[in-house]
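Structure file entry.cif; described as mmCIF, C-alpha atoms.
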data_input
#
loop_
_atom_site.label_atom_id
_atom_site.label_comp_id
_atom_site.auth_asym_id
_atom_site.auth_seq_id
_atom_site.Cartn_x
_atom_site.Cartn_y
_atom_site.Cartn_z
CA MET F 1 20.84 -83.74 60.46
CA GLY F 2 23.01 -86.27 58.68
CA ILE F 3 25.14 -85.74 55.59
CA LEU F 4 22.63 -87.50 53.35
CA ASP F 5 19.83 -85.32 54.66
CA ARG F 6 21.84 -82.17 53.98
CA ILE F 7 22.66 -83.35 50.46
CA ALA F 8 19.02 -84.17 49.79
CA ARG F 9 17.96 -80.76 51.09
CA ARG F 10 20.47 -78.99 48.84
CA LEU F 11 19.30 -81.01 45.85
CA LYS F 12 15.69 -80.00 46.58
CA GLN F 13 16.71 -76.36 46.84
CA SER F 14 18.63 -76.53 43.56
CA THR F 15 15.71 -78.24 41.83
CA ALA F 16 13.28 -75.66 43.16
CA ALA F 17 15.54 -72.85 41.95
CA ALA F 18 15.84 -74.46 38.53
CA LEU F 19 12.09 -74.93 38.22
CA ALA F 20 11.24 -71.46 39.54
CA PRO F 21 9.56 -69.15 37.00
CA ALA F 22 12.10 -67.22 34.99
CA VAL F 23 12.22 -63.45 35.27
CA ASP F 24 10.24 -61.86 32.49
CA PRO F 25 12.82 -59.98 30.36
CA ARG F 26 10.07 -57.61 29.26
CA GLU F 27 10.18 -56.09 32.76
CA VAL F 28 13.97 -56.05 33.16
CA HIS F 29 15.75 -52.73 33.82
CA LEU F 30 12.52 -50.81 34.33
CA THR F 31 13.98 -49.30 37.51
CA SER F 32 17.07 -48.19 35.60
CA HIS F 33 14.86 -46.75 32.89
CA GLN F 34 12.89 -44.80 35.48
CA LYS F 35 16.13 -43.45 36.96
CA GLN F 36 17.24 -42.32 33.52
CA ARG F 37 13.94 -40.54 33.02
CA ALA F 38 14.29 -38.85 36.42
CA LEU F 39 17.83 -37.78 35.54
CA LEU F 40 16.63 -36.37 32.25
CA ARG F 41 14.02 -34.31 34.09
CA GLN F 42 16.71 -33.02 36.46
CA VAL F 43 18.92 -32.02 33.53
CA ALA F 44 16.01 -30.24 31.87
CA HIS F 45 15.29 -28.39 35.12
CA ALA F 46 18.98 -27.40 35.44
CA ILE F 47 18.97 -26.14 31.86
CA GLY F 48 15.92 -24.03 32.65
CA GLU F 49 17.69 -22.49 35.65
CA VAL F 50 20.84 -21.81 33.62
CA ILE F 51 18.79 -20.17 30.87
CA ALA F 52 17.10 -17.94 33.46
CA ALA F 53 20.51 -16.98 34.93
CA ARG F 54 21.88 -16.24 31.46
CA ARG F 55 18.98 -13.95 30.72
CA ARG F 56 19.49 -12.08 34.00
CA LEU F 57 23.17 -11.67 33.23
CA GLU F 58 22.40 -10.47 29.72
CA ALA F 59 19.96 -7.91 31.12
CA SER F 60 22.51 -6.71 33.71
CA ALA F 61 25.29 -6.48 31.11
CA GLU F 62 23.05 -4.54 28.75
CA SER F 63 22.13 -2.11 31.56
CA VAL F 64 25.80 -1.53 32.47
CA ARG F 65 26.76 -1.22 28.82
CA ALA F 66 24.16 1.48 28.37
CA LYS F 67 25.69 3.49 31.26
CA LEU F 68 29.14 3.77 29.67
CA PRO F 69 28.35 6.44 27.08
CA GLU F 70 26.22 8.31 29.64
CA LEU F 71 29.07 8.47 32.14
CA GLU F 72 31.51 9.54 29.40
CA GLU F 73 29.14 12.31 28.33
CA GLN F 74 28.73 13.38 31.97
CA ALA F 75 32.52 13.62 32.42
CA ARG F 76 32.79 15.73 29.24
CA SER F 77 30.04 18.06 30.46
CA GLU F 78 31.61 18.44 33.89
CA LEU F 79 34.99 19.16 32.34
CA GLN F 80 33.51 21.79 30.03
CA ALA F 81 31.87 23.38 33.05
CA GLY F 82 35.22 23.60 34.81
CA ARG F 83 34.38 20.96 37.36
CA LYS F 84 37.39 18.78 36.87
CA ASN F 85 36.88 16.75 40.04
CA MET F 86 33.34 15.90 39.02
CA ALA F 87 34.61 14.92 35.59
CA ARG F 88 37.20 12.70 37.23
CA LEU F 89 34.50 11.08 39.40
CA ALA F 90 32.34 10.39 36.35
CA LEU F 91 35.28 8.73 34.61
CA GLN F 92 36.00 6.62 37.71
CA ARG F 93 32.41 5.49 37.75
CA ARG F 94 32.71 4.65 34.04
CA GLN F 95 35.83 2.61 34.73
CA LEU F 96 34.05 0.68 37.49
CA ALA F 97 31.16 0.09 35.11
CA GLN F 98 33.58 -1.28 32.52
CA MET F 99 35.06 -3.65 35.11
CA GLU F 100 31.57 -4.74 36.12
CA LEU F 101 30.67 -5.27 32.48
CA HIS F 102 33.79 -7.39 31.95
CA THR F 103 32.87 -9.51 34.98
CA LEU F 104 29.31 -9.91 33.72
CA GLU F 105 30.48 -10.90 30.26
CA THR F 106 32.88 -13.45 31.78
CA GLN F 107 30.09 -14.93 33.87
CA LEU F 108 27.80 -14.88 30.87
CA SER F 109 30.35 -16.83 28.83
CA GLU F 110 30.67 -19.41 31.61
CA VAL F 111 26.89 -19.76 31.89
CA GLU F 112 26.57 -20.17 28.12
CA ARG F 113 29.21 -22.91 28.17
CA GLU F 114 27.40 -24.60 31.04
CA GLU F 115 24.13 -24.33 29.15
CA MET F 116 25.71 -25.88 26.07
CA ALA F 117 27.24 -28.69 28.10
CA LEU F 118 23.93 -29.44 29.78
CA SER F 119 22.18 -29.39 26.41
CA MET F 120 24.67 -31.94 25.08
CA VAL F 121 24.11 -34.10 28.16
CA GLN F 122 20.36 -33.81 27.61
CA GLN F 123 20.68 -34.84 23.98
CA ARG F 124 22.92 -37.81 24.75
CA LEU F 125 20.69 -38.91 27.60
CA SER F 126 17.58 -38.56 25.44
CA THR F 127 19.26 -40.63 22.71
CA GLN F 128 20.24 -43.31 25.22
CA ILE F 129 16.72 -43.42 26.66
CA GLU F 130 15.20 -43.69 23.18
CA ALA F 131 17.66 -46.45 22.26
CA PHE F 132 16.88 -48.23 25.52
CA ALA F 133 13.15 -47.94 24.88
CA ALA F 134 13.61 -49.28 21.34
CA ARG F 135 15.66 -52.24 22.58
CA GLN F 136 13.09 -52.88 25.29
CA GLU F 137 10.34 -52.97 22.68
CA VAL F 138 12.37 -55.41 20.58
CA ILE F 139 12.91 -57.61 23.64
CA ARG F 140 9.22 -57.50 24.47
CA ALA F 141 8.26 -58.38 20.89
CA ARG F 142 10.78 -61.24 20.68
CA TYR F 143 9.80 -62.62 24.06
CA SER F 144 6.09 -62.44 23.23
CA ALA F 145 6.76 -64.21 19.92
CA ALA F 146 8.83 -66.89 21.65
CA GLU F 147 6.15 -67.29 24.31
CA ALA F 148 3.50 -67.72 21.63
CA GLN F 149 5.71 -70.23 19.81
CA VAL F 150 6.08 -72.24 23.01
CA ARG F 151 2.31 -72.34 23.47
CA ILE F 152 1.87 -73.38 19.84
CA ASN F 153 4.50 -76.11 20.15
CA GLU F 154 2.86 -77.39 23.32
CA ALA F 155 -0.49 -77.47 21.56
CA VAL F 156 1.04 -79.19 18.53
CA THR F 157 2.64 -81.75 20.83
CA GLY F 158 -0.76 -82.57 22.32
CA VAL F 159 -2.31 -82.80 18.86
CA SER F 160 0.55 -85.04 17.73
CA GLU F 161 -0.20 -87.43 20.56
CA ASP F 162 -3.86 -87.49 19.48
CA PHE F 163 -2.74 -88.10 15.90
CA ALA F 164 -0.59 -90.99 17.09
CA ASP F 165 -3.62 -92.61 18.76
CA LEU F 166 -5.77 -91.94 15.70
CA THR F 167 -3.10 -93.38 13.40
CA ALA F 168 -2.99 -96.58 15.44
CA ALA F 169 -6.78 -96.87 15.30
CA LEU F 170 -6.80 -96.26 11.55
CA GLN F 171 -4.06 -98.81 11.02
CA TRP F 172 -6.07 -101.40 12.99
CA ALA F 173 -9.18 -100.59 10.89
CA GLU F 174 -7.18 -100.87 7.67
CA GLU F 175 -5.81 -104.26 8.70
CA LYS F 176 -9.31 -105.49 9.54
CA THR F 177 -10.64 -104.13 6.24
CA GLU F 178 -7.86 -105.78 4.24
CA SER F 179 -8.52 -109.08 6.04
CA MET F 180 -12.24 -108.85 5.29
CA GLN F 181 -11.58 -107.98 1.64
CA ALA F 182 -9.22 -110.97 1.34
CA ARG F 183 -11.88 -113.29 2.71
CA ALA F 184 -14.51 -111.83 0.38
CA ILE F 185 -12.21 -112.40 -2.60
CA ALA F 186 -11.56 -115.98 -1.47
CA ILE F 187 -15.29 -116.69 -1.10
CA ASN F 188 -16.01 -115.22 -4.55
CA ARG F 189 -13.33 -117.43 -6.05
CA LEU F 190 -14.81 -120.52 -4.37
CA VAL F 191 -18.31 -119.57 -5.59
CA ASN F 192 -17.03 -119.24 -9.11
CA GLU F 193 -15.33 -122.64 -8.83
CA GLY F 194 -18.46 -124.21 -7.27
CA ASP F 195 -16.66 -125.49 -4.16
CA LEU F 196 -19.61 -125.15 -1.74
CA GLU F 197 -18.01 -127.29 0.96
CA ALA F 198 -15.01 -124.97 1.06
CA ILE F 199 -17.36 -122.00 1.27
CA ALA F 200 -19.14 -123.60 4.19
CA ALA F 201 -15.83 -124.27 5.89
CA THR F 202 -14.71 -120.69 5.25
CA THR F 203 -17.84 -119.10 6.66
CA SER F 204 -18.46 -121.57 9.49
CA ALA F 205 -16.35 -119.51 11.90
CA ASP F 206 -18.44 -116.34 11.32
CA LEU F 207 -21.85 -117.85 10.45
CA PRO F 208 -22.56 -120.79 12.75
CA VAL F 209 -25.49 -122.91 11.50
CA LEU F 210 -27.93 -124.40 14.04
CA SER F 211 -28.97 -128.05 13.83
CA ALA F 212 -32.56 -127.02 13.09
CA GLY F 213 -31.34 -125.03 10.14
CA LYS F 214 -29.50 -128.09 8.78
CA GLU F 215 -32.62 -130.23 8.95
CA GLU F 216 -34.63 -127.60 7.04
CA VAL F 217 -31.97 -127.49 4.35
CA GLU F 218 -32.02 -131.30 4.05
CA ARG F 219 -35.83 -131.27 3.84
CA GLN F 220 -35.83 -128.68 1.09
CA LEU F 221 -33.11 -130.63 -0.75
CA ALA F 222 -35.21 -133.84 -0.59
CA ALA F 223 -38.24 -131.96 -1.89
CA LEU F 224 -36.25 -130.67 -4.85
CA GLU F 225 -35.01 -134.18 -5.63
CA ALA F 226 -38.59 -135.50 -5.54
CA ASP F 227 -39.74 -132.78 -7.91
CA LEU F 228 -36.93 -133.63 -10.27
CA GLN F 229 -37.79 -137.31 -10.24
CA ASP F 230 -41.49 -136.55 -10.85
CA GLY F 231 -40.49 -134.48 -13.78
CA LEU F 232 -38.38 -137.23 -15.26
CA SER F 233 -41.18 -139.80 -14.80
CA ALA F 234 -43.69 -137.53 -16.49
CA GLY F 235 -41.38 -137.08 -19.37
#

Produce structure tokens that represent the structure in this file.
Amino acid sequence: MGILDRIARRLKQSTAAALAPAVDPREVHLTSHQKQRALLRQVAHAIGEVIAARRRLEASAESVRAKLPELEEQARSELQAGRKNMARLALQRRQLAQMELHTLETQLSEVEREEMALSMVQQRLSTQIEAFAARQEVIRARYSAAEAQVRINEAVTGVSEDFADLTAALQWAEEKTESMQARAIAINRLVNEGDLEAIAATTSADLPVLSAGKEEVERQLAALEADLQDGLSAG
């Protein structure tokens, strides 16, 4: 393949790319929008799991918290009964329960912070998705309006061409009408002035007279002259 052939091929490719249908902006970023929706569902699911964990921790902490006064009362009862070792054991169990409660409360605080953070992420993501959807609707509306305007302009262009042809035809008709009116005015003026020869010359191009017609006119003219002469003689 020669250089000219390669250049021609590239030009054809460029032209084809330029004339290819443009991507419809109303369908742009739909994949991204779907990913955002999927992410929002994942965040909502994570929030649900965190809420369930928080509730379990709250239940466990409440159960341990309820044991503290019971263990303290047990140690007091054992001590009053003279069972000091048993009282000491009850207090040790109470201390372990306090440590467990502290751990549960720490975990509960962490879970609550995580729940709050996820809720904020959910809100921001929901806001972004709503804003994206709103912008997408605006783009769709603007593109549809522009598309309709293009169709209207194309239709108007076709009508304009028809109007141009019609205008030319009307102009030709007006010129012919003006010419005919001018000739009618000229003939009327000649009639008023009595210039019959000029009238005949004016109309000869449009109303050709046959030779037989001329002879009939001459015959009728001679008859009229004879009648006039008879009238004069009788008088």

Open item on the list: Evaluated on this file, the PyMOL selection byres ((chain F and resi 61) around 10) picks out some residues - which ones are they, written as a list in words?
Closed with: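 After applying the PyMOL selection byres ((chain F and resi 61) around 10), what remains is Arg55, Arg56, Leu57, Glu58, Ala59, Ser60, Glu62, Ser63, Val64, Arg65, Ala66, Lys67, Ala97, Gln98, Glu100, Leu101, His102, Thr103, Leu104, Glu105 and Leu108 of chain F.
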
- [ ] Take the point (19.9, -37.1, 26.6) in the file's coordinates, draw a sphere of radius 12 Å around it, and report as number ranges by chain every protein, DNA or RNA residue with an atom inside or on it, counting all atoms listed in the file.
- [x] F: 36-44, 117-132

Task: Pairwise distance for CA of Ser32 (chain F) and CA of Arg140 (chain F), rounded to one decimal in Å - done: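 Going from CA of Ser32 (chain F) over to CA of Arg140 (chain F) covers 16.5 Å.
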
Open item on the list: Just the number, please: distance in Å from CA of His45 (chain F) to CA of Thr106 (chain F), one decimal.
Closed with: 23.3 Å

Open item on the list: Report, in Å to a single decimal, how far apart CA of Arg94 (chain F) and CA of Glu70 (chain F) are.
Closed with: 8.7 Å

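Distances from F:Lys35, F:Arg113, F:Lys84, F:Arg93 to Pro69 (chain F) were compared using only C-alpha atoms, and the smallest one belongs to F:Arg93.
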
Open item on the list: (20.6, -23.8, 33.9) in this file's frame - what residues fall within 10 Å of it? Use only C-alpha atoms and give the answer as a VMD selection string.
Closed with: chain F and resid 43 to 54 111 to 112 114 to 116 118 to 119

TODO: Rank nothing, just name the residue among F:Asn85, F:Glu178, F:Ala90, F:Ala222 nearest to Glu72 (chain F), using all atoms listed in the file.
DONE: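 For Glu72 (chain F), the nearest of the given residues is F:Ala90.
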